[in-house]
>>> print(open('start_33.cif').read())   # mmCIF, N, CA and C atoms
data_structure
#
loop_
_atom_site.label_atom_id
_atom_site.label_comp_id
_atom_site.auth_asym_id
_atom_site.auth_seq_id
_atom_site.Cartn_x
_atom_site.Cartn_y
_atom_site.Cartn_z
N MET A 1 14.06 -16.18 14.29
CA MET A 1 14.22 -15.27 13.19
C MET A 1 15.34 -15.76 12.25
N LEU A 2 16.34 -16.40 12.79
CA LEU A 2 17.44 -16.88 11.95
C LEU A 2 16.97 -17.95 10.97
N LEU A 3 16.14 -18.87 11.45
CA LEU A 3 15.62 -19.91 10.56
C LEU A 3 14.76 -19.30 9.45
N GLU A 4 13.97 -18.30 9.80
CA GLU A 4 13.12 -17.65 8.80
C GLU A 4 13.98 -16.96 7.75
N ALA A 5 15.05 -16.32 8.17
CA ALA A 5 15.95 -15.66 7.21
C ALA A 5 16.58 -16.69 6.29
N MET A 6 17.02 -17.81 6.84
CA MET A 6 17.61 -18.85 6.00
C MET A 6 16.57 -19.43 5.05
N ALA A 7 15.33 -19.59 5.52
CA ALA A 7 14.26 -20.11 4.67
C ALA A 7 13.96 -19.15 3.52
N ALA A 8 14.26 -17.89 3.72
CA ALA A 8 14.08 -16.89 2.67
C ALA A 8 15.35 -16.74 1.83
N ALA A 9 16.29 -17.66 2.00
CA ALA A 9 17.55 -17.68 1.25
C ALA A 9 18.36 -16.40 1.46
N LYS A 10 18.42 -15.97 2.72
CA LYS A 10 19.24 -14.81 3.08
C LYS A 10 20.48 -15.30 3.83
N PRO A 11 21.65 -14.81 3.50
CA PRO A 11 22.84 -15.19 4.26
C PRO A 11 22.79 -14.55 5.64
N ILE A 12 23.41 -15.18 6.60
CA ILE A 12 23.35 -14.73 7.98
C ILE A 12 24.70 -14.20 8.45
N VAL A 13 24.65 -13.05 9.10
CA VAL A 13 25.77 -12.53 9.88
C VAL A 13 25.24 -12.39 11.29
N ALA A 14 25.85 -13.09 12.25
CA ALA A 14 25.33 -13.09 13.61
C ALA A 14 26.46 -13.22 14.61
N ALA A 15 26.14 -12.90 15.84
CA ALA A 15 27.11 -13.03 16.93
C ALA A 15 27.30 -14.50 17.27
N ARG A 16 28.53 -14.86 17.56
CA ARG A 16 28.86 -16.22 18.00
C ARG A 16 28.55 -16.28 19.50
N ALA A 17 27.28 -16.57 19.82
CA ALA A 17 26.84 -16.59 21.21
C ALA A 17 25.72 -17.60 21.38
N ALA A 18 25.56 -18.06 22.59
CA ALA A 18 24.49 -19.00 22.94
C ALA A 18 24.44 -20.15 21.93
N ALA A 19 23.26 -20.45 21.40
CA ALA A 19 23.10 -21.58 20.48
C ALA A 19 23.20 -21.17 19.01
N ILE A 20 23.56 -19.93 18.75
CA ILE A 20 23.60 -19.47 17.36
C ILE A 20 24.52 -20.32 16.48
N PRO A 21 25.70 -20.71 16.94
CA PRO A 21 26.53 -21.56 16.06
C PRO A 21 25.87 -22.88 15.66
N GLU A 22 25.04 -23.43 16.54
CA GLU A 22 24.35 -24.67 16.21
C GLU A 22 23.18 -24.41 15.26
N VAL A 23 22.52 -23.29 15.42
CA VAL A 23 21.38 -22.94 14.58
C VAL A 23 21.83 -22.48 13.20
N VAL A 24 22.97 -21.81 13.15
CA VAL A 24 23.48 -21.23 11.91
C VAL A 24 24.89 -21.77 11.61
N PRO A 25 24.99 -23.04 11.20
CA PRO A 25 26.32 -23.58 10.92
C PRO A 25 26.90 -23.03 9.62
N HIS A 26 26.05 -22.45 8.78
CA HIS A 26 26.50 -21.93 7.48
C HIS A 26 26.24 -20.43 7.42
N GLY A 27 26.92 -19.71 8.27
CA GLY A 27 26.76 -18.27 8.30
C GLY A 27 28.08 -17.62 8.67
N THR A 28 28.09 -16.32 8.68
CA THR A 28 29.26 -15.57 9.13
C THR A 28 29.03 -15.25 10.60
N LEU A 29 29.79 -15.89 11.46
CA LEU A 29 29.65 -15.69 12.90
C LEU A 29 30.81 -14.83 13.40
N VAL A 30 30.47 -13.85 14.23
CA VAL A 30 31.46 -12.89 14.71
C VAL A 30 31.43 -12.82 16.23
N ASP A 31 32.46 -12.21 16.79
CA ASP A 31 32.56 -12.01 18.23
C ASP A 31 31.35 -11.22 18.73
N ALA A 32 30.70 -11.74 19.74
CA ALA A 32 29.48 -11.12 20.26
C ALA A 32 29.73 -9.76 20.90
N GLU A 33 30.93 -9.50 21.31
CA GLU A 33 31.23 -8.26 22.02
C GLU A 33 31.87 -7.19 21.13
N SER A 34 31.91 -7.42 19.83
CA SER A 34 32.65 -6.52 18.97
C SER A 34 31.79 -5.95 17.83
N ALA A 35 31.47 -4.68 17.96
CA ALA A 35 30.72 -4.02 16.89
C ALA A 35 31.55 -3.98 15.61
N SER A 36 32.86 -3.81 15.74
CA SER A 36 33.70 -3.76 14.54
C SER A 36 33.75 -5.12 13.85
N ALA A 37 33.72 -6.20 14.61
CA ALA A 37 33.68 -7.53 14.00
C ALA A 37 32.37 -7.74 13.25
N LEU A 38 31.27 -7.26 13.81
CA LEU A 38 29.98 -7.35 13.14
C LEU A 38 30.01 -6.55 11.84
N ALA A 39 30.52 -5.34 11.91
CA ALA A 39 30.61 -4.50 10.71
C ALA A 39 31.49 -5.16 9.66
N GLU A 40 32.61 -5.72 10.08
CA GLU A 40 33.51 -6.39 9.14
C GLU A 40 32.83 -7.60 8.50
N GLY A 41 32.09 -8.38 9.30
CA GLY A 41 31.37 -9.52 8.74
C GLY A 41 30.34 -9.12 7.71
N ILE A 42 29.63 -8.04 7.97
CA ILE A 42 28.64 -7.54 7.03
C ILE A 42 29.32 -7.04 5.75
N LEU A 43 30.39 -6.27 5.92
CA LEU A 43 31.10 -5.75 4.75
C LEU A 43 31.72 -6.86 3.91
N ASN A 44 32.28 -7.87 4.57
CA ASN A 44 32.85 -9.00 3.83
C ASN A 44 31.78 -9.72 3.01
N LEU A 45 30.63 -9.91 3.59
CA LEU A 45 29.55 -10.57 2.88
C LEU A 45 29.06 -9.69 1.73
N TYR A 46 28.93 -8.42 1.98
CA TYR A 46 28.48 -7.47 0.95
C TYR A 46 29.46 -7.40 -0.22
N SER A 47 30.74 -7.47 0.09
CA SER A 47 31.76 -7.31 -0.96
C SER A 47 32.05 -8.61 -1.72
N SER A 48 31.45 -9.71 -1.30
CA SER A 48 31.69 -10.98 -1.97
C SER A 48 30.37 -11.61 -2.39
N PRO A 49 29.89 -11.28 -3.59
CA PRO A 49 28.63 -11.86 -4.07
C PRO A 49 28.66 -13.39 -4.09
N GLU A 50 29.82 -13.97 -4.36
CA GLU A 50 29.93 -15.44 -4.39
C GLU A 50 29.65 -16.02 -3.00
N THR A 51 30.23 -15.42 -1.98
CA THR A 51 30.01 -15.89 -0.62
C THR A 51 28.55 -15.68 -0.23
N HIS A 52 28.00 -14.54 -0.59
CA HIS A 52 26.60 -14.22 -0.32
C HIS A 52 25.70 -15.31 -0.87
N VAL A 53 25.87 -15.66 -2.14
CA VAL A 53 25.04 -16.67 -2.79
C VAL A 53 25.28 -18.05 -2.16
N ALA A 54 26.53 -18.39 -1.90
CA ALA A 54 26.85 -19.71 -1.34
C ALA A 54 26.25 -19.88 0.05
N LEU A 55 26.42 -18.87 0.92
CA LEU A 55 25.87 -18.98 2.27
C LEU A 55 24.35 -19.00 2.26
N ALA A 56 23.74 -18.24 1.37
CA ALA A 56 22.28 -18.24 1.26
C ALA A 56 21.79 -19.64 0.86
N ALA A 57 22.46 -20.26 -0.10
CA ALA A 57 22.05 -21.59 -0.56
C ALA A 57 22.26 -22.65 0.52
N LEU A 58 23.39 -22.57 1.21
CA LEU A 58 23.65 -23.53 2.29
C LEU A 58 22.65 -23.37 3.43
N GLY A 59 22.33 -22.13 3.76
CA GLY A 59 21.35 -21.88 4.81
C GLY A 59 19.98 -22.41 4.44
N LEU A 60 19.57 -22.19 3.20
CA LEU A 60 18.27 -22.69 2.74
C LEU A 60 18.23 -24.21 2.80
N LYS A 61 19.28 -24.86 2.34
CA LYS A 61 19.33 -26.32 2.40
C LYS A 61 19.29 -26.81 3.85
N TRP A 62 20.01 -26.14 4.74
CA TRP A 62 20.06 -26.51 6.15
C TRP A 62 18.68 -26.41 6.80
N VAL A 63 17.99 -25.32 6.56
CA VAL A 63 16.71 -25.08 7.23
C VAL A 63 15.61 -26.00 6.73
N GLU A 64 15.76 -26.57 5.56
CA GLU A 64 14.75 -27.48 5.03
C GLU A 64 14.52 -28.68 5.94
N GLN A 65 15.51 -29.06 6.73
CA GLN A 65 15.35 -30.21 7.62
C GLN A 65 14.35 -29.92 8.74
N PHE A 66 14.03 -28.64 8.98
CA PHE A 66 13.11 -28.25 10.03
C PHE A 66 11.68 -28.05 9.51
N ASP A 67 11.45 -28.29 8.23
CA ASP A 67 10.12 -28.17 7.65
C ASP A 67 9.16 -29.12 8.38
N ALA A 68 7.98 -28.63 8.70
CA ALA A 68 7.03 -29.41 9.51
C ALA A 68 6.72 -30.77 8.89
N SER A 69 6.51 -30.83 7.58
CA SER A 69 6.19 -32.12 6.96
C SER A 69 7.38 -33.08 7.01
N ALA A 70 8.60 -32.55 6.88
CA ALA A 70 9.78 -33.41 6.96
C ALA A 70 9.97 -33.93 8.38
N VAL A 71 9.74 -33.08 9.37
CA VAL A 71 9.86 -33.50 10.78
C VAL A 71 8.79 -34.55 11.09
N ALA A 72 7.57 -34.32 10.64
CA ALA A 72 6.49 -35.27 10.88
C ALA A 72 6.79 -36.62 10.24
N ARG A 73 7.32 -36.59 9.02
CA ARG A 73 7.66 -37.83 8.32
C ARG A 73 8.73 -38.61 9.09
N ARG A 74 9.76 -37.91 9.58
CA ARG A 74 10.80 -38.59 10.37
C ARG A 74 10.23 -39.16 11.66
N PHE A 75 9.31 -38.42 12.29
CA PHE A 75 8.69 -38.89 13.52
C PHE A 75 7.89 -40.17 13.27
N VAL A 76 7.07 -40.15 12.23
CA VAL A 76 6.26 -41.33 11.90
C VAL A 76 7.16 -42.51 11.57
N ASP A 77 8.21 -42.29 10.81
CA ASP A 77 9.15 -43.36 10.48
C ASP A 77 9.79 -43.93 11.74
N ALA A 78 10.17 -43.05 12.66
CA ALA A 78 10.80 -43.51 13.91
C ALA A 78 9.83 -44.32 14.75
N VAL A 79 8.57 -43.91 14.80
CA VAL A 79 7.55 -44.64 15.57
C VAL A 79 7.32 -46.01 14.94
N ARG A 80 7.24 -46.06 13.62
CA ARG A 80 7.04 -47.34 12.93
C ARG A 80 8.18 -48.30 13.20
N LEU A 81 9.40 -47.79 13.13
CA LEU A 81 10.57 -48.64 13.36
C LEU A 81 10.62 -49.10 14.82
N GLY A 82 10.30 -48.22 15.74
CA GLY A 82 10.34 -48.54 17.16
C GLY A 82 9.19 -49.42 17.62
N GLY A 83 8.06 -49.32 16.90
CA GLY A 83 6.86 -50.06 17.31
C GLY A 83 6.77 -51.46 16.74
N GLY A 84 7.71 -51.81 15.86
CA GLY A 84 7.73 -53.15 15.32
C GLY A 84 6.91 -53.27 14.15
#
>>> encode(input="start_33.cif", output="structure tokens")
Amino acid sequence: MLLEAMAAAKPIVAARAAAIPEVVPHGTLVDAESASALAEGILNLYSSPETHVALAALGLKWVEQFDASAVARRFVDAVRLGGG
């Protein structure tokens, strides 16, 4: 769901848990055990349109690397280079 949100150019506020920091390097990450930290992260993003726009753009750019055609192209290139 996080990748889909980034592909839709939505900024992310998420808990800093499991693999989320690796999946969302350009988001607002908060303590997983703190509802107040989550609320603060949402309010900070809401109150800063510049941050909202910047994180949305960074997320969209980040998620583009996972596009199926881009992944397939990298795979084919790797096979060509490895196969001689």
>>> resolve_selection(input="start_33.cif", expression="the PyMOL selection byres (((chain A and resi 5-21 and name CA) around 9) and name CA)", output="VMD selection string")
chain A and resid 1 to 4 22 to 34 38 41 to 42 45 51 to 64
>>> atom_distance(input="start_33.cif", atom1="CA of Phe66 (chain A)", atom2="CA of Ala78 (chain A)")
15.9 Å
>>> select_by_dssp(input="start_33.cif", residues="chain A", states="strand (DSSP E)", output="PyMOL selection string")
chain A and resi 13-16+28-31
>>> write_last_selection(input="start_33.cif", atoms="N, CA and C atoms", output="PDB file, keeping the file's coordinate frame")
ATOM      1  N   VAL A  13      24.650 -13.050   9.100  1.00  0.00           N
ATOM      2  CA  VAL A  13      25.770 -12.530   9.880  1.00  0.00           C
ATOM      3  C   VAL A  13      25.240 -12.390  11.290  1.00  0.00           C
ATOM      4  N   ALA A  14      25.850 -13.090  12.250  1.00  0.00           N
ATOM      5  CA  ALA A  14      25.330 -13.090  13.610  1.00  0.00           C
ATOM      6  C   ALA A  14      26.460 -13.220  14.610  1.00  0.00           C
ATOM      7  N   ALA A  15      26.140 -12.900  15.840  1.00  0.00           N
ATOM      8  CA  ALA A  15      27.110 -13.030  16.930  1.00  0.00           C
ATOM      9  C   ALA A  15      27.300 -14.500  17.270  1.00  0.00           C
ATOM     10  N   ARG A  16      28.530 -14.860  17.560  1.00  0.00           N
ATOM     11  CA  ARG A  16      28.860 -16.220  18.000  1.00  0.00           C
ATOM     12  C   ARG A  16      28.550 -16.280  19.500  1.00  0.00           C
ATOM     13  N   THR A  28      28.090 -16.320   8.680  1.00  0.00           N
ATOM     14  CA  THR A  28      29.260 -15.570   9.130  1.00  0.00           C
ATOM     15  C   THR A  28      29.030 -15.250  10.600  1.00  0.00           C
ATOM     16  N   LEU A  29      29.790 -15.890  11.460  1.00  0.00           N
ATOM     17  CA  LEU A  29      29.650 -15.690  12.900  1.00  0.00           C
ATOM     18  C   LEU A  29      30.810 -14.830  13.400  1.00  0.00           C
ATOM     19  N   VAL A  30      30.470 -13.850  14.230  1.00  0.00           N
ATOM     20  CA  VAL A  30      31.460 -12.890  14.710  1.00  0.00           C
ATOM     21  C   VAL A  30      31.430 -12.820  16.230  1.00  0.00           C
ATOM     22  N   ASP A  31      32.460 -12.210  16.790  1.00  0.00           N
ATOM     23  CA  ASP A  31      32.560 -12.010  18.230  1.00  0.00           C
ATOM     24  C   ASP A  31      31.350 -11.220  18.730  1.00  0.00           C
TER      25      ASP A  31
END
>>> atom_distance(input="start_33.cif", atom1="atom N of Ser48 (chain A)", atom2="CA of Ala35 (chain A)")
19.1 Å
>>> atom_distance(input="start_33.cif", atom1="atom N of Ser69 (chain A)", atom2="CA of Leu81 (chain A)")
19.2 Å
>>> select_by_dssp(input="start_33.cif", residues="chain A", states="alpha helix (DSSP H)", output="JSON, numbers by chain")
{"A": [2, 3, 4, 5, 6, 7, 20, 21, 22, 23, 35, 36, 37, 38, 39, 40, 41, 42, 43, 44, 45, 46, 47, 49, 50, 51, 52, 53, 54, 55, 56, 57, 58, 59, 60, 61, 62, 63, 68, 69, 70, 71, 72, 73, 74, 75, 76, 77, 78, 79, 80, 81, 82, 83]}
>>> build_atoms(input="start_33.cif", residues="region 26-42 of chain A", atoms="N, CA, C and O atoms", output="compact mmCIF listing (two decimals), in the coordinates of the input")
# COMPACT_ATOMS: atom_id res chain seq x y z
N HIS A 26 26.05 -22.45 8.78
CA HIS A 26 26.50 -21.93 7.48
C HIS A 26 26.24 -20.43 7.42
O HIS A 26 25.45 -19.96 6.63
N GLY A 27 26.92 -19.71 8.27
CA GLY A 27 26.76 -18.27 8.30
C GLY A 27 28.08 -17.62 8.67
O GLY A 27 29.07 -18.30 8.95
N THR A 28 28.09 -16.32 8.68
CA THR A 28 29.26 -15.57 9.13
C THR A 28 29.03 -15.25 10.60
O THR A 28 28.14 -14.47 10.94
N LEU A 29 29.79 -15.89 11.46
CA LEU A 29 29.65 -15.69 12.90
C LEU A 29 30.81 -14.83 13.40
O LEU A 29 31.96 -15.05 13.03
N VAL A 30 30.47 -13.85 14.23
CA VAL A 30 31.46 -12.89 14.71
C VAL A 30 31.43 -12.82 16.23
O VAL A 30 30.49 -13.27 16.87
N ASP A 31 32.46 -12.21 16.79
CA ASP A 31 32.56 -12.01 18.23
C ASP A 31 31.35 -11.22 18.73
O ASP A 31 31.04 -10.15 18.20
N ALA A 32 30.70 -11.74 19.74
CA ALA A 32 29.48 -11.12 20.26
C ALA A 32 29.73 -9.76 20.90
O ALA A 32 28.82 -8.95 20.99
N GLU A 33 30.93 -9.50 21.31
CA GLU A 33 31.23 -8.26 22.02
C GLU A 33 31.87 -7.19 21.13
O GLU A 33 32.33 -6.18 21.64
N SER A 34 31.91 -7.42 19.83
CA SER A 34 32.65 -6.52 18.97
C SER A 34 31.79 -5.95 17.83
O SER A 34 31.47 -6.66 16.88
N ALA A 35 31.47 -4.68 17.96
CA ALA A 35 30.72 -4.02 16.89
C ALA A 35 31.55 -3.98 15.61
O ALA A 35 31.01 -4.12 14.50
N SER A 36 32.86 -3.81 15.74
CA SER A 36 33.70 -3.76 14.54
C SER A 36 33.75 -5.12 13.85
O SER A 36 33.79 -5.18 12.62
N ALA A 37 33.72 -6.20 14.61
CA ALA A 37 33.68 -7.53 14.00
C ALA A 37 32.37 -7.74 13.25
O ALA A 37 32.35 -8.32 12.16
N LEU A 38 31.27 -7.26 13.81
CA LEU A 38 29.98 -7.35 13.14
C LEU A 38 30.01 -6.55 11.84
O LEU A 38 29.60 -7.05 10.78
N ALA A 39 30.52 -5.34 11.91
CA ALA A 39 30.61 -4.50 10.71
C ALA A 39 31.49 -5.16 9.66
O ALA A 39 31.15 -5.18 8.46
N GLU A 40 32.61 -5.72 10.08
CA GLU A 40 33.51 -6.39 9.14
C GLU A 40 32.83 -7.60 8.50
O GLU A 40 32.96 -7.83 7.29
N GLY A 41 32.09 -8.38 9.30
CA GLY A 41 31.37 -9.52 8.74
C GLY A 41 30.34 -9.12 7.71
O GLY A 41 30.21 -9.74 6.65
N ILE A 42 29.63 -8.04 7.97
CA ILE A 42 28.64 -7.54 7.03
C ILE A 42 29.32 -7.04 5.75
O ILE A 42 28.89 -7.36 4.64
